[in-house]
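Source file: work33.txt. Holds: compact mmCIF, C-alpha atoms and all ligand atoms.
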```
# COMPACT_ATOMS: atom_id res chain seq x y z
CA MET L 1 -133.17 306.51 0.38
CA THR L 2 -130.55 304.80 2.57
CA HIS L 3 -129.98 301.14 1.79
CA LYS L 4 -127.62 298.81 3.67
CA LEU L 5 -127.04 295.07 3.60
CA VAL L 6 -125.52 293.38 6.66
CA ARG L 7 -123.93 290.27 5.14
CA ASN L 8 -122.88 286.81 6.24
CA ALA L 9 -123.46 287.17 9.97
CA ASP L 10 -122.03 284.02 11.58
CA HIS L 11 -124.89 284.00 14.05
CA LEU L 12 -127.99 286.18 14.07
CA VAL L 13 -130.25 286.41 17.13
CA THR L 14 -133.59 287.86 16.01
CA MET L 15 -135.68 287.92 19.24
CA ASP L 16 -138.69 287.51 16.94
CA GLU L 17 -141.84 285.69 18.04
CA THR L 18 -140.27 282.26 17.70
CA ARG L 19 -136.84 283.49 18.92
CA ARG L 20 -135.24 282.37 15.66
CA GLU L 21 -131.47 282.24 15.41
CA LEU L 22 -129.87 282.02 11.96
CA THR L 23 -126.38 281.30 10.71
CA GLY L 24 -124.78 282.91 7.66
CA ALA L 25 -127.58 285.47 7.59
CA ASP L 26 -128.08 288.79 5.81
CA ILE L 27 -130.25 291.75 6.88
CA ARG L 28 -131.50 294.32 4.38
CA ILE L 29 -132.11 297.80 5.84
CA MET L 30 -134.00 300.48 3.94
CA ASP L 31 -134.61 303.95 5.37
CA GLY L 32 -133.94 302.87 8.95
CA VAL L 33 -136.27 299.87 8.79
CA ILE L 34 -135.45 296.17 8.42
CA ALA L 35 -136.77 295.17 4.99
CA GLU L 36 -135.75 291.55 4.75
CA ILE L 37 -133.73 288.78 6.43
CA GLY L 38 -132.33 285.84 4.50
CA HIS L 39 -129.31 284.08 3.05
CA ALA L 40 -127.17 285.29 0.14
CA LEU L 41 -129.46 288.26 -0.53
CA PRO L 42 -128.53 290.27 -3.66
CA LEU L 43 -126.81 293.59 -3.03
CA ASP L 44 -129.24 295.49 -5.29
CA GLY L 45 -127.31 298.72 -4.86
CA ALA L 46 -127.09 298.49 -1.07
CA GLU L 47 -124.05 299.61 0.92
CA PRO L 48 -122.59 296.30 2.22
CA LEU L 49 -121.61 295.76 5.85
CA GLU L 50 -119.65 292.51 6.25
CA ALA L 51 -120.54 290.56 9.40
CA SER L 52 -118.68 287.30 8.88
CA GLY L 53 -116.98 286.32 12.14
CA CYS L 54 -119.66 288.26 14.02
CA LEU L 55 -122.62 287.70 16.30
CA VAL L 56 -125.50 290.03 15.41
CA THR L 57 -128.19 290.89 17.95
CA PRO L 58 -130.85 293.54 18.41
CA GLY L 59 -129.33 296.64 20.03
CA LEU L 60 -129.41 296.55 23.83
CA VAL L 61 -131.86 298.84 25.60
CA ASN L 62 -131.14 300.77 28.79
CA THR L 63 -134.26 301.55 30.81
CA HIS L 64 -132.74 303.44 33.75
CA HIS L 65 -129.88 305.91 33.96
CA HIS L 66 -128.94 309.24 35.50
CA LEU L 67 -126.54 310.47 32.88
CA PHE L 68 -125.54 313.51 34.96
CA GLN L 69 -123.85 311.10 37.38
CA THR L 70 -121.22 310.00 34.87
CA LEU L 71 -118.96 312.74 36.24
CA THR L 72 -119.29 311.25 39.74
CA ARG L 73 -117.99 307.72 39.29
CA ALA L 74 -116.27 306.10 42.25
CA VAL L 75 -116.55 309.12 44.56
CA PRO L 76 -114.71 308.09 47.77
CA ALA L 77 -117.32 309.36 50.26
CA ALA L 78 -120.09 307.46 48.46
CA GLN L 79 -118.37 304.14 47.90
CA ASP L 80 -119.54 302.13 50.90
CA ALA L 81 -122.89 303.63 51.89
CA LEU L 82 -126.47 302.39 51.65
CA LEU L 83 -128.87 304.35 49.42
CA PHE L 84 -129.80 307.21 51.77
CA GLY L 85 -126.21 307.78 52.99
CA TRP L 86 -124.93 307.50 49.42
CA LEU L 87 -127.38 310.21 48.28
CA LYS L 88 -126.43 312.52 51.14
CA ALA L 89 -122.73 312.23 50.23
CA LEU L 90 -123.40 313.09 46.58
CA TYR L 91 -126.05 315.82 46.76
CA PRO L 92 -123.51 318.60 47.58
CA ILE L 93 -121.31 317.60 44.62
CA TRP L 94 -124.25 317.46 42.19
CA ALA L 95 -125.36 320.89 43.47
CA ARG L 96 -122.14 322.35 41.98
CA MET L 97 -122.94 321.14 38.46
CA GLY L 98 -124.42 323.31 35.71
CA PRO L 99 -125.41 323.06 32.01
CA GLU L 100 -121.87 322.24 30.82
CA GLU L 101 -121.51 319.35 33.30
CA ILE L 102 -124.93 317.99 32.28
CA ARG L 103 -124.03 318.13 28.59
CA VAL L 104 -120.62 316.48 28.89
CA SER L 105 -121.83 313.90 31.39
CA THR L 106 -124.70 312.95 29.09
CA GLN L 107 -122.40 312.58 26.08
CA LEU L 108 -119.96 310.50 28.10
CA GLY L 109 -122.64 308.18 29.48
CA LEU L 110 -124.32 307.66 26.11
CA ALA L 111 -120.99 307.14 24.33
CA GLU L 112 -120.08 304.46 26.87
CA LEU L 113 -123.47 302.81 26.38
CA ALA L 114 -123.15 302.91 22.58
CA LEU L 115 -119.79 301.14 22.74
CA SER L 116 -121.38 298.47 24.94
CA GLY L 117 -124.04 297.72 22.28
CA CYS L 118 -126.86 299.96 23.47
CA THR L 119 -129.06 301.53 20.80
CA MET L 120 -131.77 303.10 22.99
CA SER L 121 -131.50 304.64 26.43
CA SER L 122 -133.71 306.43 28.87
CA ASP L 123 -132.38 309.10 31.21
CA HIS L 124 -133.73 310.33 34.53
CA LEU L 125 -132.55 313.87 35.28
CA TYR L 126 -134.06 314.91 38.58
CA LEU L 127 -131.98 317.92 39.64
CA TYR L 128 -131.35 321.18 37.84
CA PRO L 129 -128.61 323.13 39.64
CA ASN L 130 -127.26 326.44 38.34
CA ASP L 131 -129.78 326.83 35.49
CA ALA L 132 -129.27 323.34 34.04
CA ARG L 133 -132.24 322.08 32.00
CA LEU L 134 -133.36 318.82 30.43
CA ASP L 135 -132.75 320.59 27.11
CA ASP L 136 -129.00 320.32 27.88
CA SER L 137 -129.21 316.50 27.94
CA ILE L 138 -131.38 316.39 24.84
CA GLU L 139 -128.95 318.58 22.89
CA ALA L 140 -125.99 316.43 24.04
CA ALA L 141 -127.72 313.14 23.18
CA ARG L 142 -128.17 314.21 19.57
CA THR L 143 -124.40 314.27 19.09
CA VAL L 144 -124.12 310.58 20.05
CA GLY L 145 -127.04 309.33 17.94
CA LEU L 146 -128.83 306.84 20.21
CA ARG L 147 -132.60 306.62 20.44
CA PHE L 148 -133.27 308.67 23.55
CA HIS L 149 -136.00 308.68 26.20
CA PRO L 150 -135.14 311.57 28.55
CA THR L 151 -137.47 311.99 31.51
CA ARG L 152 -138.24 315.25 33.30
CA GLY L 153 -137.32 314.24 36.85
CA SER L 154 -137.96 316.36 39.91
CA MET L 155 -137.51 316.73 43.66
CA SER L 156 -139.74 318.99 45.74
CA ILE L 157 -139.46 317.90 49.39
CA GLY L 158 -136.21 319.20 50.87
CA GLU L 159 -134.63 318.51 54.24
CA SER L 160 -136.59 321.26 55.99
CA LYS L 161 -139.85 319.48 55.08
CA GLY L 162 -138.71 316.00 56.10
CA GLY L 163 -137.36 314.93 52.69
CA LEU L 164 -133.87 313.64 51.94
CA PRO L 165 -132.37 316.20 49.49
CA PRO L 166 -130.97 319.59 50.59
CA ASP L 167 -133.41 322.47 50.09
CA ALA L 168 -131.13 324.02 47.45
CA LEU L 169 -131.75 321.08 45.08
CA VAL L 170 -135.54 320.99 45.22
CA GLU L 171 -137.96 322.90 43.00
CA ASP L 172 -141.40 324.42 43.33
CA GLU L 173 -144.06 321.92 42.25
CA ALA L 174 -146.01 324.31 40.01
CA ALA L 175 -142.77 325.18 38.20
CA ILE L 176 -141.96 321.47 37.77
CA LEU L 177 -145.32 320.82 36.13
CA ARG L 178 -145.02 323.89 33.88
CA ASP L 179 -141.56 322.81 32.72
CA SER L 180 -142.77 319.22 32.21
CA GLU L 181 -145.50 320.45 29.90
CA ARG L 182 -143.07 322.71 28.03
CA LEU L 183 -140.64 319.85 27.43
CA ILE L 184 -143.30 317.43 26.20
CA ASP L 185 -144.67 320.04 23.80
CA ALA L 186 -141.20 320.99 22.57
CA TYR L 187 -139.58 317.57 22.14
CA ASN L 188 -141.84 314.53 22.46
CA ASP L 189 -142.28 312.61 19.22
CA PRO L 190 -145.12 310.07 19.42
CA ALA L 191 -144.48 308.70 15.91
CA GLU L 192 -143.35 305.14 15.24
CA GLY L 193 -139.58 305.07 14.93
CA ALA L 194 -139.18 308.28 16.98
CA MET L 195 -135.63 309.12 18.04
CA LEU L 196 -136.86 311.13 21.04
CA ARG L 197 -139.63 310.50 23.54
CA VAL L 198 -140.05 312.52 26.73
CA GLY L 199 -141.36 311.03 29.99
CA LEU L 200 -142.23 312.41 33.43
CA ALA L 201 -140.28 311.15 36.43
CA PRO L 202 -140.62 312.61 39.94
CA CYS L 203 -137.46 311.25 41.59
CA SER L 204 -138.92 308.96 44.25
CA PRO L 205 -141.72 308.82 46.80
CA PHE L 206 -139.26 310.13 49.44
CA SER L 207 -138.34 313.32 47.55
CA VAL L 208 -141.65 314.61 46.13
CA SER L 209 -145.16 315.10 47.51
CA ARG L 210 -148.16 312.87 47.02
CA GLU L 211 -149.73 315.74 45.02
CA LEU L 212 -146.81 315.97 42.57
CA MET L 213 -146.91 312.20 42.00
CA ARG L 214 -150.63 312.40 41.26
CA ASP L 215 -150.45 315.56 39.12
CA SER L 216 -147.53 314.20 37.11
CA ALA L 217 -149.58 311.07 36.34
CA ILE L 218 -152.53 313.21 35.25
CA LEU L 219 -150.34 315.37 33.00
CA ALA L 220 -148.57 312.34 31.50
CA ARG L 221 -151.90 310.78 30.55
CA GLU L 222 -153.23 314.01 29.10
CA LYS L 223 -150.14 314.21 26.91
CA GLY L 224 -149.76 310.50 26.18
CA VAL L 225 -146.23 310.15 27.63
CA ARG L 226 -144.77 307.59 30.02
CA LEU L 227 -144.18 307.75 33.77
CA HIS L 228 -141.05 306.66 35.59
CA THR L 229 -139.69 306.76 39.16
CA HIS L 230 -137.68 304.78 41.72
CA LEU L 231 -139.69 302.30 43.75
CA ALA L 232 -139.10 299.77 46.54
CA GLU L 233 -135.34 300.05 46.13
CA ASN L 234 -134.23 298.76 49.54
CA ASP L 235 -135.36 298.19 53.15
CA GLU L 236 -134.94 301.89 54.05
CA ASP L 237 -137.27 302.76 51.17
CA ILE L 238 -139.95 300.30 52.40
CA ALA L 239 -139.62 301.59 55.98
CA TYR L 240 -140.02 305.20 54.74
CA SER L 241 -143.17 304.24 52.84
CA LEU L 242 -144.74 302.40 55.78
CA GLU L 243 -143.91 305.22 58.20
CA ASN L 244 -144.89 308.18 56.01
CA PHE L 245 -147.64 306.79 53.79
CA GLY L 246 -148.93 303.92 55.95
CA CYS L 247 -148.61 301.44 53.09
CA ARG L 248 -146.13 299.56 50.95
CA PRO L 249 -144.70 301.23 47.80
CA GLY L 250 -146.88 299.19 45.43
CA ASP L 251 -150.04 300.37 47.19
CA TYR L 252 -148.78 303.96 47.19
CA ALA L 253 -148.11 303.76 43.46
CA GLU L 254 -151.53 302.31 42.77
CA GLN L 255 -153.32 304.98 44.85
CA LEU L 256 -151.66 307.77 42.85
CA GLY L 257 -152.22 306.37 39.36
CA TRP L 258 -148.68 305.02 39.05
CA THR L 259 -149.53 301.58 37.69
CA GLY L 260 -150.32 300.68 34.08
CA GLU L 261 -148.71 299.88 30.76
CA ASP L 262 -147.43 303.46 30.50
CA VAL L 263 -145.48 303.26 33.79
CA TRP L 264 -142.11 301.74 34.58
CA HIS L 265 -140.41 301.72 37.98
CA ALA L 266 -136.69 301.41 38.64
CA HIS L 267 -135.29 298.74 40.98
CA CYS L 268 -138.33 297.15 42.67
CA VAL L 269 -135.87 295.03 44.68
CA LYS L 270 -138.31 294.69 47.57
CA LEU L 271 -141.62 294.08 45.78
CA ASP L 272 -143.58 291.35 47.57
CA GLY L 273 -145.80 288.71 45.92
CA ARG L 274 -148.90 290.89 46.09
CA GLU L 275 -147.10 293.82 44.48
CA ILE L 276 -145.70 291.56 41.75
CA ASP L 277 -149.28 290.43 40.99
CA LEU L 278 -150.38 294.08 40.86
CA PHE L 279 -147.59 294.91 38.37
CA ALA L 280 -148.42 291.85 36.24
CA ARG L 281 -152.16 292.60 36.21
CA SER L 282 -151.66 296.24 35.31
CA GLY L 283 -148.77 295.76 32.85
CA THR L 284 -146.51 298.00 34.96
CA GLY L 285 -142.87 297.69 33.91
CA VAL L 286 -139.66 297.29 35.91
CA ALA L 287 -136.15 298.58 35.17
CA HIS L 288 -133.92 295.99 36.82
CA CYS L 289 -130.51 297.43 37.79
CA PRO L 290 -128.52 294.49 39.16
CA CYS L 291 -125.04 296.10 39.42
CA SER L 292 -126.38 299.18 41.19
CA ASN L 293 -128.44 297.00 43.54
CA CYS L 294 -125.29 295.05 44.43
CA ARG L 295 -123.10 298.16 44.72
CA LEU L 296 -125.54 299.79 47.19
CA GLY L 297 -126.21 296.52 49.01
CA SER L 298 -129.92 296.89 48.25
CA GLY L 299 -130.60 293.21 47.60
CA ILE L 300 -131.58 290.93 44.73
CA ALA L 301 -134.72 291.88 42.81
CA PRO L 302 -137.21 289.01 42.39
CA VAL L 303 -136.83 288.99 38.61
CA ARG L 304 -137.61 285.27 38.25
CA ALA L 305 -140.95 285.77 40.01
CA MET L 306 -141.66 288.95 38.03
CA ARG L 307 -141.01 287.27 34.69
CA ASP L 308 -143.01 284.18 35.64
CA ALA L 309 -145.94 286.40 36.63
CA GLY L 310 -145.74 288.33 33.35
CA VAL L 311 -144.29 291.64 34.59
CA PRO L 312 -142.45 293.46 31.75
CA VAL L 313 -138.78 293.67 32.82
CA GLY L 314 -135.93 295.58 31.17
CA LEU L 315 -132.37 296.31 32.29
CA GLY L 316 -130.88 299.54 33.56
CA VAL L 317 -127.28 300.40 34.30
CA ASP L 318 -128.51 303.12 36.70
CA GLY L 319 -126.37 306.24 37.23
CA SER L 320 -122.61 305.88 37.20
CA ALA L 321 -122.43 307.09 40.80
CA SER L 322 -123.83 303.70 41.83
CA ASN L 323 -122.48 301.28 39.23
CA ASP L 324 -119.75 302.76 38.46
CA ALA L 325 -119.78 301.77 34.79
CA GLY L 326 -122.46 301.84 32.09
CA ASP L 327 -121.98 298.55 30.26
CA LEU L 328 -125.20 296.77 29.31
CA ALA L 329 -123.69 293.37 28.45
CA SER L 330 -122.21 293.27 31.96
CA GLU L 331 -125.59 294.25 33.34
CA ALA L 332 -127.23 291.33 31.53
CA ARG L 333 -124.60 288.99 32.93
CA GLN L 334 -125.15 290.29 36.45
CA ALA L 335 -128.92 289.86 36.08
CA MET L 336 -128.40 286.23 35.08
CA LEU L 337 -125.90 285.52 37.86
CA LEU L 338 -128.04 287.02 40.63
CA GLN L 339 -131.06 284.89 39.73
CA ARG L 340 -128.79 281.82 39.65
CA VAL L 341 -127.29 282.63 43.05
CA SER L 342 -130.83 282.91 44.40
CA PHE L 343 -132.60 280.07 42.65
CA GLY L 344 -130.05 277.71 41.07
CA ALA L 345 -128.07 277.35 37.86
CA ASP L 346 -131.16 276.94 35.67
CA ALA L 347 -132.97 280.00 37.06
CA MET L 348 -132.03 282.20 34.08
CA SER L 349 -130.34 281.32 30.79
CA ALA L 350 -128.03 283.61 28.83
CA ARG L 351 -130.72 283.83 26.15
CA GLU L 352 -133.33 284.98 28.64
CA ALA L 353 -130.92 287.61 30.01
CA LEU L 354 -130.27 288.83 26.45
CA GLU L 355 -134.03 288.91 25.83
CA ILE L 356 -134.51 291.11 28.90
CA ALA L 357 -131.67 293.37 27.66
CA THR L 358 -133.23 293.81 24.20
CA LEU L 359 -136.90 292.97 23.69
CA GLY L 360 -137.63 293.38 27.41
CA GLY L 361 -136.23 296.90 27.50
CA ALA L 362 -138.03 297.94 24.32
CA THR L 363 -141.33 296.68 25.80
CA VAL L 364 -140.75 298.56 29.06
CA LEU L 365 -140.14 301.78 27.10
CA GLY L 366 -143.25 301.22 24.99
CA ARG L 367 -141.36 300.62 21.73
CA PRO L 368 -142.77 297.49 20.08
CA GLU L 369 -141.05 298.50 16.83
CA CYS L 370 -137.60 298.09 18.48
CA GLY L 371 -135.70 295.29 20.26
CA VAL L 372 -136.33 292.72 17.50
CA ILE L 373 -134.60 291.97 14.19
CA ALA L 374 -137.55 291.24 11.88
CA PRO L 375 -139.01 292.79 8.73
CA GLY L 376 -140.86 296.01 9.55
CA LYS L 377 -138.93 296.67 12.78
CA ARG L 378 -136.50 299.56 13.22
CA ALA L 379 -132.90 298.80 12.31
CA ASP L 380 -131.31 299.04 15.79
CA ILE L 381 -128.60 296.40 15.54
CA ALA L 382 -125.43 295.44 17.43
CA ILE L 383 -122.63 293.63 15.61
CA TRP L 384 -120.15 291.85 17.90
CA ASP L 385 -116.79 290.65 16.55
CA MET L 386 -116.18 287.06 17.61
CA SER L 387 -113.01 286.53 15.59
CA GLY L 388 -110.52 287.75 18.20
CA LEU L 389 -108.48 286.01 20.84
CA ASP L 390 -110.94 286.73 23.66
CA ALA L 391 -113.74 284.83 21.90
CA ALA L 392 -111.63 282.02 20.43
CA GLY L 393 -112.77 278.60 21.65
CA THR L 394 -116.42 279.63 21.92
CA TRP L 395 -119.09 277.00 21.17
CA ASP L 396 -122.15 279.18 21.80
CA PRO L 397 -121.68 282.85 20.89
CA VAL L 398 -124.88 283.95 22.66
CA ALA L 399 -123.76 282.54 26.01
CA PHE L 400 -120.29 283.97 25.36
CA LEU L 401 -121.71 287.46 24.81
CA LEU L 402 -122.65 287.46 28.48
CA ALA L 403 -119.22 286.34 29.67
CA GLY L 404 -118.06 289.82 30.58
CA PRO L 405 -117.87 293.46 29.46
CA ARG L 406 -118.14 293.73 25.68
CA ARG L 407 -117.46 296.32 23.04
CA VAL L 408 -119.43 296.29 19.78
CA ARG L 409 -117.65 296.38 16.45
CA ASP L 410 -120.54 298.21 14.77
CA LEU L 411 -123.74 299.71 16.07
CA LEU L 412 -126.68 300.75 13.90
CA VAL L 413 -129.46 302.99 15.16
CA GLU L 414 -132.33 303.58 12.74
CA GLY L 415 -129.99 302.08 10.14
CA ARG L 416 -127.26 304.68 10.81
CA LEU L 417 -123.78 303.72 12.00
CA VAL L 418 -123.22 305.15 15.48
CA VAL L 419 -120.17 302.94 16.14
CA SER L 420 -118.04 301.68 13.26
CA GLY L 421 -115.03 299.42 13.71
CA GLY L 422 -115.22 300.06 17.46
CA ILE L 423 -115.02 303.85 16.98
CA LEU L 424 -117.77 306.34 17.79
CA ARG L 425 -118.82 308.21 14.66
CA GLY L 426 -120.35 311.36 16.17
CA LEU L 427 -117.76 312.20 18.82
CA ASP L 428 -114.03 312.23 19.45
CA ALA L 429 -113.73 309.85 22.42
CA GLY L 430 -110.33 311.19 23.50
CA MET L 431 -111.48 314.82 23.55
CA LEU L 432 -114.66 313.86 25.39
CA ALA L 433 -112.73 312.02 28.11
CA GLU L 434 -110.34 314.97 28.47
CA CYS L 435 -113.23 317.40 28.76
CA ALA L 436 -114.98 315.21 31.36
CA ASN L 437 -111.82 314.96 33.47
CA ARG L 438 -111.34 318.75 33.34
CA LEU L 439 -114.89 319.23 34.66
CA VAL L 440 -114.31 316.64 37.39
CA ARG L 441 -111.19 318.53 38.56
CA ARG L 442 -113.34 321.66 38.78
CA LEU L 443 -116.00 319.81 40.80
CA VAL L 444 -113.34 318.43 43.16
CA ASN L 445 -111.72 321.83 43.71
CA ASP L 446 -114.87 323.95 44.03
ZN ZN L 501 -131.72 305.48 39.74
```

Target format structure tokens, applied to this file:
Amino acid sequence: MTHKLVRNADHLVTMDETRRELTGADIRIMDGVIAEIGHALPLDGAEPLEASGCLVTPGLVNTHHHLFQTLTRAVPAAQDALLFGWLKALYPIWARMGPEEIRVSTQLGLAELALSGCTMSSDHLYLYPNDARLDDSIEAARTVGLRFHPTRGSMSIGESKGGLPPDALVEDEAAILRDSERLIDAYNDPAEGAMLRVGLAPCSPFSVSRELMRDSAILAREKGVRLHTHLAENDEDIAYSLENFGCRPGDYAEQLGWTGEDVWHAHCVKLDGREIDLFARSGTGVAHCPCSNCRLGSGIAPVRAMRDAGVPVGLGVDGSASNDAGDLASEARQAMLLQRVSFGADAMSAREALEIATLGGATVLGRPECGVIAPGKRADIAIWDMSGLDAAGTWDPVAFLLAGPRRVRDLLVEGRLVVSGGILRGLDAGMLAECANRLVRRLVND
């Protein structure tokens, strides 16, 4: 049995039903689960983890990423383009990747997320060049130690059939469905507290057929796994939907079985009031990616209206080709700032942004046992050092957490230390960076 006691946290944010915040608090963790919260709890043989001088929060949750893109940060040709132009600049580079690039890129992206306080991340891998497989990401993620929700993405409509991606990057639809089934059977763990859950994720309505969207939804429901895609990302996306499908993206999703509590869509920047009602009624989730939306000039997602209507909303850093970082605390800050720019200084509080980043994300990924620090919940916990110069002078540590990019001191996933004293436990960060840069030089020179 593993037994830890987080002790003397200056400030503990629980995100429980009454949103309790405690000072001088302890958390007992037994076998990956939170057993008890209180003050001056006896050690009782537990391994102590001192948290005086620290803010303790639930681990942050990332609901949208393309980890393969971590090797294509800040690519010059893709820096100033809208979504479709940005994709066309990057497709040829991604086409040169293979299993090694996918593995290293995944490790790099998840390591970066872990250091920014993230305990659970999804991934959306939608291209498989040079024999790359989703198995490569899954294998790489295990070395970092985060709770992982990889999705089997796909593209099937290439340029020659009116789609956006080059023909070399698209796959046969029957093969996509066969591989989806294989991956679910091989890896998906439906149990409470699972470290790995597989989802299905055709890339977007403009890169797969209506049939693949529908068949993926049927397969996901047969297998009891979640569905994910990009939806209503910008004006080009809406125009494509109206021109090719004769309806708005929300209607298209509904027609094909892509609404419900087991579905979450990335971006949704351009959802209108009717579509927001549809999402709220059906329990369809949204992965809000504010930095990526700004970087690609897509617009400001109507998160205030979504939350007020009851749409489940989580945060996503999106791929590092459109962010260019993967820092969830920054993402929460950006979410808060964008709603304030749109609707005024009281449109979103720091606490609401942190709620979206933790509890919100866990809800969107269908993990009610995560995102909360309460007895019976999984021990996914971020410990933030507030004793240094950067935090000195702070009155409210929760609001301060969202003041800029942050690094955790310690990160627990299922009660295990993934980051300790600011250092990753499972990986050598220096070697990983060196390896990533070597692969980037190869991609540049190829
Ligand atoms: Zn994306």

Around the point (-122.2, 290.5, 29.7) (coordinates from the file), which residues reach within 9 Å if we count all atoms listed in the file? Answer as a PyMOL selection string. chain L and resi 327-334+354+399-406

Taking 6 positions as the minimum chain separation for residues in the same chain, which residues sit within 10 Å of region 361-368 of chain L when counting only C-alpha atoms? Answer as an NGL selection string. :L and (59-64 or 120-122 or 149 or 192-194 or 197 or 199 or 225-228 or 261-265 or 283-288 or 311-316 or 355 or 377-378)

Env of Arg133 (chain L): 9 Å cut, atoms = all atoms listed in the file, seq-sep filter 4 positions within chain, self excluded. Answer as a PyMOL selection string. chain L and resi 98-99+102+125+127-129+137

Residues at most 12 Å from Gly388 (chain L), counting all atoms listed in the file, excluding those fewer than 5 positions away in the same chain, as a VMD selection string? chain L and resid 53 to 54 393 to 394 409

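Restricting the atom set to all atoms listed in the file, one finds that the residues within 7 Å of ligand ZN 501 (chain L) amount to L:His64, L:His65, L:His66, L:His230, L:Ala266, L:Asp318, L:Gly319.
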
Please write as a PDB file with C-alpha atoms, in the frame of the given file the list of polymer residues whose atoms come within 6 Å of (-120.8, 316.7, 39.3), counting all atoms listed in the file and keeping to the coordinates of the file.
```pdb
ATOM      1  CA  LEU L  71    -118.960 312.740  36.240  1.00  0.00           C
ATOM      2  CA  THR L  72    -119.290 311.250  39.740  1.00  0.00           C
ATOM      3  CA  ILE L  93    -121.310 317.600  44.620  1.00  0.00           C
ATOM      4  CA  TRP L  94    -124.250 317.460  42.190  1.00  0.00           C
ATOM      5  CA  MET L  97    -122.940 321.140  38.460  1.00  0.00           C
ATOM      6  CA  LEU L 443    -116.000 319.810  40.800  1.00  0.00           C
TER       7      LEU L 443
END
```
